[in-house]
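Colleague: Please find one structure pasted underneath; my questions will follow.
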Amino acid sequence: MSSNSLQKCCLVMLGALFGVMACSPTTETTTEPEVVRVAGEATVTGGAIKGELTDTLAIYKGIPFAAPPVGDLRWRPPQPVTPWEGVKQTIDYGNDCMQLPFPSDAAPLGKTPAEDCLYANVWAPKDADGSTPVMVWIYGGGFVNGGASPAVYDGSEFAKNGVIFVSFNYRLGRFGFFAHPALTAEAKANGDMLGNYAYMDQIAALQWVKNNIAAFGGDVNNVTIMGESAGGGSVHAMMQAKQVRGLFDRAIIMSGGGRSLFGERKITEAMPGALSGEQYGLNYAEKHGIEGTDAAALSALRALSAEDVVDGLNLAALFRPTPTDKPTFVGGPMQDGEIITNSTGSALKNGTVAKVDVMVGATSADIGFNMFADKDALFASFGAYADEARKVYDPTGEAPFQLVGYLVGQDRSMQEPARYVAEQVSSMGPRAYYYRFGTVAQSNDSPGAPHASDIPFFFNTVAAKYGDALTEQDKMAAQTIHQYIVNFAKTGKPGGEGNAEWQPFRAELSNMLDMQRNGEVVHGTDPWKARLDVVKAATEARN
């Protein structure tokens with residue numbers, strides 16, 4: 001990768017039970033009556049809904065799965081949905097969750113952000129019969145941006161291929177991750193979980209799927225969860241969360257790390273390189289003129305406008321933070337002792353995660369940051385493995401420092417952690433399918449597949465992404481890759497249905513599916529094995 005290509009790559013990186021079962025005790029023989037399901041109509045928790053019908057699909061958008069988290073419900077676990085009268089028309093997305101959008105978002109929002117945002121969406125085949133597999137999507141955006149409404153997240157292609165697709169919103173930024181001594185006191189008094197409100201929303205959505213997906217013809221015993229970036233990190237969290245154990249059967253983790261991608265923080269304790277969650281909250285309160293740790297302080301915090309809670313926070317601000325000795329955002333998930341009890345890497349190592357089949361990987365030009373001043377400092381960070389690192393990353397000594405630093409950065413944050421997930425999951429007994437997505441749309445001159453560029457191909461929404469620039473090669477690549485995802489959701493095995501075979505990961509082979517630039521797929525030994533081996537050795541030596 002040239003230094004010019006590296007700059008292009010870096011710019012791109014930055015740039016949701018219904019069914020009545022009855023029998024008569026007075027007859028000698030009984031049969032279960034057929035459940036009458038009317039396409040486009042359903043009864044869910046809260047009441048009756050009516051969606052939109054196409055020739056082959058029933059589509060429902062904007063289904064409330066919890067009460068609006070506003071007023072006194074700000075920074076509370078999601079509460080039960082308020083029942084409604086009559087039939088609710090569910091034909092348009094609900095609000096995306098409150099945030100400050102940014103122009104270069106790879107998946108621009110389709111709805112105006114607001115605090116009232118806990119809505120789910122369902123795409124189902126009209127002929128879904130109760131045995132139809134289910135895919136649940138968790139979007140990314142660094143836990144500060146994102147939503148279910150972007151066009152590239154449309155679930156129609158999944159439903160056309162026999163998979164019910166569910167998406168939903170979860171709270172972001174300070175709405176989703178916030179701690180303060182007054183909140184801790186309130187949560188203890190109420191017996192509530194605290195801190196990770198975004199994860200609580202995700203748990204509520206998965207519980208909603210369990211209780212309601214049969215109303216759409218879905219199989220509650222065949223549910224896959226899938227997420228990218230922060231959504232991939234969320235899949236890791238749901239695998240760790242005992243509150244949803246048994247609510248999904250397999251998982252897809254796209255660019256979600258696997259060791260400690262989003263850092264380690266605790267609610268009441270400081271960690272190396274991080275304040276306690278409560279201290280971030282106290283700093284934020286002080287900035288807005290709110291003092292104290294009592295109920296009055298909490299009331300004042302809840303009285304702040306939604307815009308004040310956002311306070312300029314988005315992905316762009318995270319990449320370019322304003323220097324301060326009193327940071328006001330915790331940065332994302334915290335170890336709360338309830339949902340998250342350990343780092344992702346430690347939970348995988350200890351085997352304290354859901355034992356489900358996993359598909360895991362990253363893009364070929366994924367996120368990677370170089371925090372070192374020069375090559376000597378960079379390679380010194382490998383400790384006893386410094387010489388090996390030089391051999392695999394810079395064998396001639398002539399590679400540009402920026403390029404080497406980027407490659408090490410993405411290997412540490414994304415590539416090796418993805419393989420680590422495959423190693424740990426397969427060692428526990430379930431199957432792991434390891435991949436690298438390197439496909440690049442023909443209209444894009446990026447030297448590799450940037451972060452999040454896999455989504456339109458996994459969803460087969462490349463037409464929405466690329467418009468008139470879409471080529472036949474792009475279409476064929478998307479169809480091939482999408483079929484792997486559909487197969488995995490249906491059977492747990494991504495191969496078959498006309499696709500090349502994809503074998504479960506074996507550590508001794510380091511085998512993977514390499515989705516190449518032109519959309520072709522090759523199964524074999526990871527071509528970056530030597531790089532990832534030295535990253536693993538150095539990482540585990542430090543720990």
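Please note that chains go A, B, ... in the order of the structure tokens, that every chain numbers its residues from 1, and that ligands are numbered from 1 in the order shown.
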With only C-alpha atoms counted and 12 Å as the cut-off, give the residues of segment 25-135 of chain A in contact with segment 448-459 of chain A, each with its shortest interatomic distance in Å and the pair that gives it, as a Markdown table.

Modeller:
| residue | atom | partner | partner_atom | distance |
| --- | --- | --- | --- | --- |
| A:Asp105 | CA | A:Ala452 | CA | 10.0 |
| A:Ala106 | CA | A:Ala452 | CA | 7.1 |
| A:Ala107 | CA | A:Ala452 | CA | 8.7 |
| A:Met135 | CA | A:Phe459 | CA | 11.2 |

Colleague: Extract, using only C-alpha atoms, all DNA, RNA and protein residues at most 8 Å from Phe65 of chain A, discarding same-chain residues fewer than 2 positions from it, and format them as a PyMOL selection string.

Modeller: chain A and resi 16+45+63+67+80-81+118-120+204-205+208

Colleague: As a list in words, please: every residue in segment 237-435 of chain A that DSSP puts in strand (DSSP E or B).

Modeller: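 Answer for segment 237-435 of chain A, restricted to strand (DSSP E or B): Arg250, Ala251, Ile252, Ile253, Met254, Lys266, Met271, Ala274, Gln335, Asp357, Val358, Met359, Val360, Gly361, Ala362, Thr363, Ala365, Ala432, Tyr433, Tyr434 and Tyr435 of chain A.
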
Colleague: DSSP on the backbone: what in segment 429-466 of chain A comes out alpha helix (DSSP H), as a list of chain:residue names?

Modeller: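 Matching residues, listed in order: A:Ile455, A:Pro456, A:Phe457, A:Phe458, A:Phe459, A:Val462, A:Ala463, A:Ala464, A:Lys465, A:Tyr466.
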
Colleague: Put those residues in a file: all heavy atoms, as an mmCIF file, in the first residue's frame.

Modeller:
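Resulting contents of out.cif:
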data_model
loop_
_atom_site.group_PDB
_atom_site.id
_atom_site.type_symbol
_atom_site.label_atom_id
_atom_site.label_comp_id
_atom_site.auth_asym_id
_atom_site.auth_seq_id
_atom_site.Cartn_x
_atom_site.Cartn_y
_atom_site.Cartn_z
ATOM 1 N N ILE A 455 -21.031 -3.313 4.708
ATOM 2 C CA ILE A 455 -22.461 -3.377 5.029
ATOM 3 C C ILE A 455 -23.352 -3.499 3.787
ATOM 4 O O ILE A 455 -24.218 -4.381 3.728
ATOM 5 C CB ILE A 455 -22.877 -2.173 5.891
ATOM 6 C CG1 ILE A 455 -22.149 -2.222 7.241
ATOM 7 C CG2 ILE A 455 -24.384 -2.157 6.115
ATOM 8 C CD1 ILE A 455 -22.323 -0.969 8.087
ATOM 9 N N PRO A 456 -23.192 -2.645 2.768
ATOM 10 C CA PRO A 456 -24.079 -2.779 1.603
ATOM 11 C C PRO A 456 -23.952 -4.133 0.900
ATOM 12 O O PRO A 456 -24.921 -4.597 0.285
ATOM 13 C CB PRO A 456 -23.625 -1.639 0.681
ATOM 14 C CG PRO A 456 -22.914 -0.681 1.558
ATOM 15 C CD PRO A 456 -22.272 -1.510 2.624
ATOM 16 N N PHE A 457 -22.790 -4.756 0.986
ATOM 17 C CA PHE A 457 -22.601 -6.066 0.369
ATOM 18 C C PHE A 457 -23.241 -7.160 1.228
ATOM 19 O O PHE A 457 -23.867 -8.077 0.696
ATOM 20 C CB PHE A 457 -21.113 -6.333 0.166
ATOM 21 C CG PHE A 457 -20.497 -5.490 -0.910
ATOM 22 C CD1 PHE A 457 -20.014 -4.210 -0.627
ATOM 23 C CD2 PHE A 457 -20.419 -5.947 -2.215
ATOM 24 C CE1 PHE A 457 -19.451 -3.426 -1.616
ATOM 25 C CE2 PHE A 457 -19.863 -5.173 -3.220
ATOM 26 C CZ PHE A 457 -19.377 -3.892 -2.923
ATOM 27 N N PHE A 458 -23.098 -7.079 2.543
ATOM 28 C CA PHE A 458 -23.736 -8.064 3.425
ATOM 29 C C PHE A 458 -25.258 -7.988 3.320
ATOM 30 O O PHE A 458 -25.947 -8.996 3.374
ATOM 31 C CB PHE A 458 -23.308 -7.826 4.881
ATOM 32 C CG PHE A 458 -21.988 -8.449 5.250
ATOM 33 C CD1 PHE A 458 -20.860 -8.284 4.460
ATOM 34 C CD2 PHE A 458 -21.868 -9.213 6.396
ATOM 35 C CE1 PHE A 458 -19.638 -8.863 4.797
ATOM 36 C CE2 PHE A 458 -20.651 -9.799 6.757
ATOM 37 C CZ PHE A 458 -19.542 -9.620 5.952
ATOM 38 N N PHE A 459 -25.784 -6.766 3.158
ATOM 39 C CA PHE A 459 -27.236 -6.552 3.075
ATOM 40 C C PHE A 459 -27.758 -6.670 1.640
ATOM 41 O O PHE A 459 -28.961 -6.710 1.427
ATOM 42 C CB PHE A 459 -27.596 -5.166 3.594
ATOM 43 C CG PHE A 459 -27.672 -5.039 5.080
ATOM 44 C CD1 PHE A 459 -26.560 -5.247 5.888
ATOM 45 C CD2 PHE A 459 -28.864 -4.692 5.688
ATOM 46 C CE1 PHE A 459 -26.633 -5.114 7.261
ATOM 47 C CE2 PHE A 459 -28.950 -4.561 7.065
ATOM 48 C CZ PHE A 459 -27.828 -4.767 7.857
ATOM 49 N N VAL A 462 -26.348 -2.595 -2.279
ATOM 50 C CA VAL A 462 -25.352 -1.824 -3.021
ATOM 51 C C VAL A 462 -25.990 -0.811 -3.964
ATOM 52 O O VAL A 462 -25.403 0.236 -4.243
ATOM 53 C CB VAL A 462 -24.393 -2.747 -3.804
ATOM 54 C CG1 VAL A 462 -23.409 -3.420 -2.863
ATOM 55 C CG2 VAL A 462 -25.172 -3.784 -4.613
ATOM 56 N N ALA A 463 -27.198 -1.077 -4.449
ATOM 57 C CA ALA A 463 -27.861 -0.121 -5.335
ATOM 58 C C ALA A 463 -28.150 1.174 -4.581
ATOM 59 O O ALA A 463 -27.986 2.279 -5.126
ATOM 60 C CB ALA A 463 -29.148 -0.714 -5.898
ATOM 61 N N ALA A 464 -28.579 1.061 -3.321
ATOM 62 C CA ALA A 464 -28.841 2.246 -2.509
ATOM 63 C C ALA A 464 -27.566 3.003 -2.206
ATOM 64 O O ALA A 464 -27.569 4.234 -2.111
ATOM 65 C CB ALA A 464 -29.540 1.844 -1.206
ATOM 66 N N LYS A 465 -26.470 2.274 -2.087
ATOM 67 C CA LYS A 465 -25.195 2.914 -1.754
ATOM 68 C C LYS A 465 -24.551 3.575 -2.956
ATOM 69 O O LYS A 465 -24.063 4.711 -2.872
ATOM 70 C CB LYS A 465 -24.232 1.874 -1.160
ATOM 71 C CG LYS A 465 -22.846 2.394 -0.831
ATOM 72 C CD LYS A 465 -22.876 3.424 0.284
ATOM 73 C CE LYS A 465 -21.471 3.860 0.670
ATOM 74 N NZ LYS A 465 -21.494 4.889 1.731
ATOM 75 N N TYR A 466 -24.519 2.890 -4.090
ATOM 76 C CA TYR A 466 -23.719 3.355 -5.215
ATOM 77 C C TYR A 466 -24.531 3.939 -6.370
ATOM 78 O O TYR A 466 -23.954 4.561 -7.271
ATOM 79 C CB TYR A 466 -22.810 2.228 -5.709
ATOM 80 C CG TYR A 466 -21.834 1.802 -4.645
ATOM 81 C CD1 TYR A 466 -21.981 0.597 -3.969
ATOM 82 C CD2 TYR A 466 -20.778 2.630 -4.280
ATOM 83 C CE1 TYR A 466 -21.103 0.214 -2.968
ATOM 84 C CE2 TYR A 466 -19.892 2.264 -3.280
ATOM 85 C CZ TYR A 466 -20.064 1.051 -2.621
ATOM 86 O OH TYR A 466 -19.192 0.688 -1.624
#

Colleague: Nearest to Ala537 of chain A among A:Glu388, A:Asp116, A:Glu398, A:Asp192, with distances taken over only C-alpha atoms: which residue is it?

Modeller: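 Between A:Glu388, A:Asp116, A:Glu398, A:Asp192, the residue approaching Ala537 of chain A most closely is A:Glu388.
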
Colleague: Find the spatial neighbours of Asn342 of chain A, counting only C-alpha atoms, within a cut-off of 10 Å - ignore same-chain residues fewer than 2 positions away - and output them as a list in words.

Modeller: Ala237, Gln240, Ser260, Glu264, Arg265, Lys266, Met334, Gln335, Asp336, Gly337, Ile339, Ile340, Thr344, Gly345, Ser346, Ala347, Leu348, Asn350 and Thr352 of chain A

Colleague: Set the distance at 12 Å and use only C-alpha atoms: which residues neighbour Thr90 of chain A once local chain neighbours fewer than 5 positions away are removed? I'd like the list as number ranges by chain.

Modeller: A: 40-44, 47-53, 58-64, 119-123

Colleague: Could you dump the residues just selected with C-alpha atoms as a compact mmCIF listing (two decimals), in the first residue's frame?

Modeller:
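Below you can see selection-v6.txt, which holds the result:
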# COMPACT_ATOMS: atom_id res chain seq x y z
CA GLY A 40 -49.37 -7.06 6.86
CA GLU A 41 -51.18 -7.26 10.21
CA ALA A 42 -49.95 -8.43 13.60
CA THR A 43 -50.67 -8.14 17.31
CA VAL A 44 -47.62 -7.38 19.40
CA GLY A 47 -51.56 -3.65 20.53
CA ALA A 48 -52.40 -4.28 16.90
CA ILE A 49 -50.24 -3.00 14.05
CA LYS A 50 -50.59 -2.77 10.31
CA GLY A 51 -47.64 -2.55 7.97
CA GLU A 52 -47.03 -2.24 4.27
CA LEU A 53 -47.47 -5.07 1.79
CA ALA A 58 -44.81 -7.57 4.77
CA ILE A 59 -42.89 -4.58 6.11
CA TYR A 60 -43.46 -2.91 9.47
CA LYS A 61 -41.61 0.20 10.56
CA GLY A 62 -41.74 2.22 13.75
CA ILE A 63 -43.06 -0.43 16.16
CA PRO A 64 -42.62 0.76 19.79
CA TYR A 119 -38.72 1.63 17.81
CA ALA A 120 -38.25 -1.64 15.93
CA ASN A 121 -38.72 -2.56 12.27
CA VAL A 122 -39.57 -5.92 10.69
CA TRP A 123 -39.26 -7.16 7.12

Colleague: Can you work out the spacing between atom CA of Asn221 of chain A and atom CA of Val425 of chain A in Å, to one decimal?

Modeller: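 These two atoms are separated by 20.5 Å.
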
Colleague: With distances taken over only C-alpha atoms, which of A:Gly155, A:Pro150, A:Pro77, A:Gly233 is nearest to Gly191 of chain A?

Modeller: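 So, comparing all the options, the nearest one is A:Pro77.
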
Colleague: Applying 10 Å and only C-alpha atoms, which residues near Ala373 of chain A remain after dropping the ones on its own chain fewer than 3 positions away? List them as an mmCIF file with all heavy atoms, in the first residue's frame.

Modeller:
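Saved file around-v9.cif follows:
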data_model
loop_
_atom_site.group_PDB
_atom_site.id
_atom_site.type_symbol
_atom_site.label_atom_id
_atom_site.label_comp_id
_atom_site.auth_asym_id
_atom_site.auth_seq_id
_atom_site.Cartn_x
_atom_site.Cartn_y
_atom_site.Cartn_z
ATOM 1 N N ASN A 370 -1.997 5.009 14.446
ATOM 2 C CA ASN A 370 -0.581 4.952 14.793
ATOM 3 C C ASN A 370 -0.304 5.999 15.864
ATOM 4 O O ASN A 370 -0.385 7.199 15.605
ATOM 5 C CB ASN A 370 0.273 5.218 13.552
ATOM 6 C CG ASN A 370 1.757 5.223 13.861
ATOM 7 O OD1 ASN A 370 2.185 4.762 14.914
ATOM 8 N ND2 ASN A 370 2.549 5.739 12.931
ATOM 9 N N ASP A 376 11.189 3.029 15.350
ATOM 10 C CA ASP A 376 11.817 2.437 16.524
ATOM 11 C C ASP A 376 10.835 2.339 17.686
ATOM 12 O O ASP A 376 10.757 1.305 18.367
ATOM 13 C CB ASP A 376 13.048 3.259 16.926
ATOM 14 C CG ASP A 376 14.210 3.088 15.955
ATOM 15 O OD1 ASP A 376 14.217 2.076 15.218
ATOM 16 O OD2 ASP A 376 15.092 3.960 15.935
ATOM 17 N N ALA A 377 10.102 3.403 17.926
ATOM 18 C CA ALA A 377 9.118 3.392 19.010
ATOM 19 C C ALA A 377 7.998 2.396 18.713
ATOM 20 O O ALA A 377 7.522 1.681 19.606
ATOM 21 C CB ALA A 377 8.547 4.795 19.204
ATOM 22 N N LEU A 378 7.580 2.348 17.455
ATOM 23 C CA LEU A 378 6.529 1.415 17.066
ATOM 24 C C LEU A 378 6.947 -0.023 17.333
ATOM 25 O O LEU A 378 6.231 -0.791 17.990
ATOM 26 C CB LEU A 378 6.195 1.602 15.581
ATOM 27 C CG LEU A 378 5.231 0.592 14.955
ATOM 28 C CD1 LEU A 378 3.850 0.702 15.580
ATOM 29 C CD2 LEU A 378 5.153 0.814 13.446
ATOM 30 N N PHE A 401 6.869 4.887 7.145
ATOM 31 C CA PHE A 401 6.485 4.771 8.543
ATOM 32 C C PHE A 401 4.965 4.846 8.714
ATOM 33 O O PHE A 401 4.370 4.083 9.477
ATOM 34 C CB PHE A 401 7.163 5.870 9.365
ATOM 35 C CG PHE A 401 6.606 6.020 10.750
ATOM 36 C CD1 PHE A 401 6.618 4.954 11.652
ATOM 37 C CD2 PHE A 401 6.059 7.224 11.169
ATOM 38 C CE1 PHE A 401 6.085 5.083 12.927
ATOM 39 C CE2 PHE A 401 5.534 7.365 12.435
ATOM 40 C CZ PHE A 401 5.545 6.291 13.325
ATOM 41 N N GLN A 402 4.318 5.777 7.994
ATOM 42 C CA GLN A 402 2.871 5.910 8.130
ATOM 43 C C GLN A 402 2.152 4.613 7.754
ATOM 44 O O GLN A 402 1.186 4.208 8.410
ATOM 45 C CB GLN A 402 2.345 7.046 7.252
ATOM 46 C CG GLN A 402 2.549 8.432 7.862
ATOM 47 C CD GLN A 402 1.823 9.480 7.050
ATOM 48 O OE1 GLN A 402 1.877 9.478 5.816
ATOM 49 N NE2 GLN A 402 1.137 10.378 7.724
ATOM 50 N N GLY A 405 2.827 1.940 10.445
ATOM 51 C CA GLY A 405 2.072 2.284 11.646
ATOM 52 C C GLY A 405 0.591 1.974 11.482
ATOM 53 O O GLY A 405 -0.062 1.473 12.413
#

Colleague: For segment 496-502 of chain A, list every protein, DNA or RNA residue within 7 Å, evaluated using only C-alpha atoms, and leave out those in the same chain fewer than 4 positions away; present the list as a PDB file with all heavy atoms, in the first residue's frame.

Modeller:
ATOM      1  N   THR A 480     -23.299 -12.713  -3.965  1.00  0.00           N
ATOM      2  CA  THR A 480     -22.509 -13.827  -3.424  1.00  0.00           C
ATOM      3  C   THR A 480     -22.330 -13.688  -1.914  1.00  0.00           C
ATOM      4  O   THR A 480     -22.564 -14.629  -1.144  1.00  0.00           O
ATOM      5  CB  THR A 480     -21.138 -13.879  -4.100  1.00  0.00           C
ATOM      6  OG1 THR A 480     -21.317 -14.147  -5.496  1.00  0.00           O
ATOM      7  CG2 THR A 480     -20.261 -14.962  -3.489  1.00  0.00           C
ATOM      8  N   LEU A 513     -12.259 -17.177   4.913  1.00  0.00           N
ATOM      9  CA  LEU A 513     -12.810 -16.828   3.607  1.00  0.00           C
ATOM     10  C   LEU A 513     -12.325 -15.418   3.282  1.00  0.00           C
ATOM     11  O   LEU A 513     -12.609 -14.468   4.020  1.00  0.00           O
ATOM     12  CB  LEU A 513     -14.337 -16.875   3.601  1.00  0.00           C
ATOM     13  CG  LEU A 513     -14.946 -16.804   2.197  1.00  0.00           C
ATOM     14  CD1 LEU A 513     -14.777 -18.156   1.494  1.00  0.00           C
ATOM     15  CD2 LEU A 513     -16.425 -16.428   2.251  1.00  0.00           C
ATOM     16  N   HIS A 523     -11.070 -19.546  -0.160  1.00  0.00           N
ATOM     17  CA  HIS A 523     -10.965 -20.136   1.170  1.00  0.00           C
ATOM     18  C   HIS A 523      -9.591 -20.760   1.323  1.00  0.00           C
ATOM     19  O   HIS A 523      -9.148 -21.528   0.469  1.00  0.00           O
ATOM     20  CB  HIS A 523     -12.053 -21.188   1.393  1.00  0.00           C
ATOM     21  CG  HIS A 523     -12.042 -21.767   2.771  1.00  0.00           C
ATOM     22  ND1 HIS A 523     -11.309 -22.872   3.111  1.00  0.00           N
ATOM     23  CD2 HIS A 523     -12.682 -21.376   3.898  1.00  0.00           C
ATOM     24  CE1 HIS A 523     -11.489 -23.147   4.389  1.00  0.00           C
ATOM     25  NE2 HIS A 523     -12.314 -22.257   4.894  1.00  0.00           N
TER      26      HIS A 523
END

Colleague: When distances are computed from only C-alpha atoms, which of A:Trp528, A:Trp84, A:Phe177, A:Trp137 shows the smallest separation from Glu228 of chain A?

Modeller: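 Closest to Glu228 of chain A, using only C-alpha atoms: A:Trp137.
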
Colleague: Could you check the closest approach to Thr324 of chain A for each of A:Lys287, A:Leu100, A:Ala215, A:Gly195 and tell me which residue wins, using only C-alpha atoms?

Modeller: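 Counting only C-alpha atoms, the residue closest to Thr324 of chain A is A:Lys287.
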
Colleague: Mind running segment 148-200 of chain A against segment 277-281 of chain A at 7 Å and telling me each contacting residue's nearest atom pair with the distance in Å (one decimal), counting only C-alpha atoms, chain and number ascending, as a Markdown table?

Modeller:
| residue | atom | partner | partner_atom | distance |
| --- | --- | --- | --- | --- |
| A:Phe178 | CA | A:Gly281 | CA | 6.4 |
| A:Ala179 | CA | A:Glu278 | CA | 4.6 |
| A:His180 | CA | A:Glu278 | CA | 4.3 |
| A:Pro181 | CA | A:Glu278 | CA | 6.0 |

Colleague: Distance atom CA of Gly173 of chain A-atom CA of Val144 of chain A, one decimal place?

Modeller: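 Atom-to-atom, atom CA of Gly173 of chain A to atom CA of Val144 of chain A, that is 4.3 Å.
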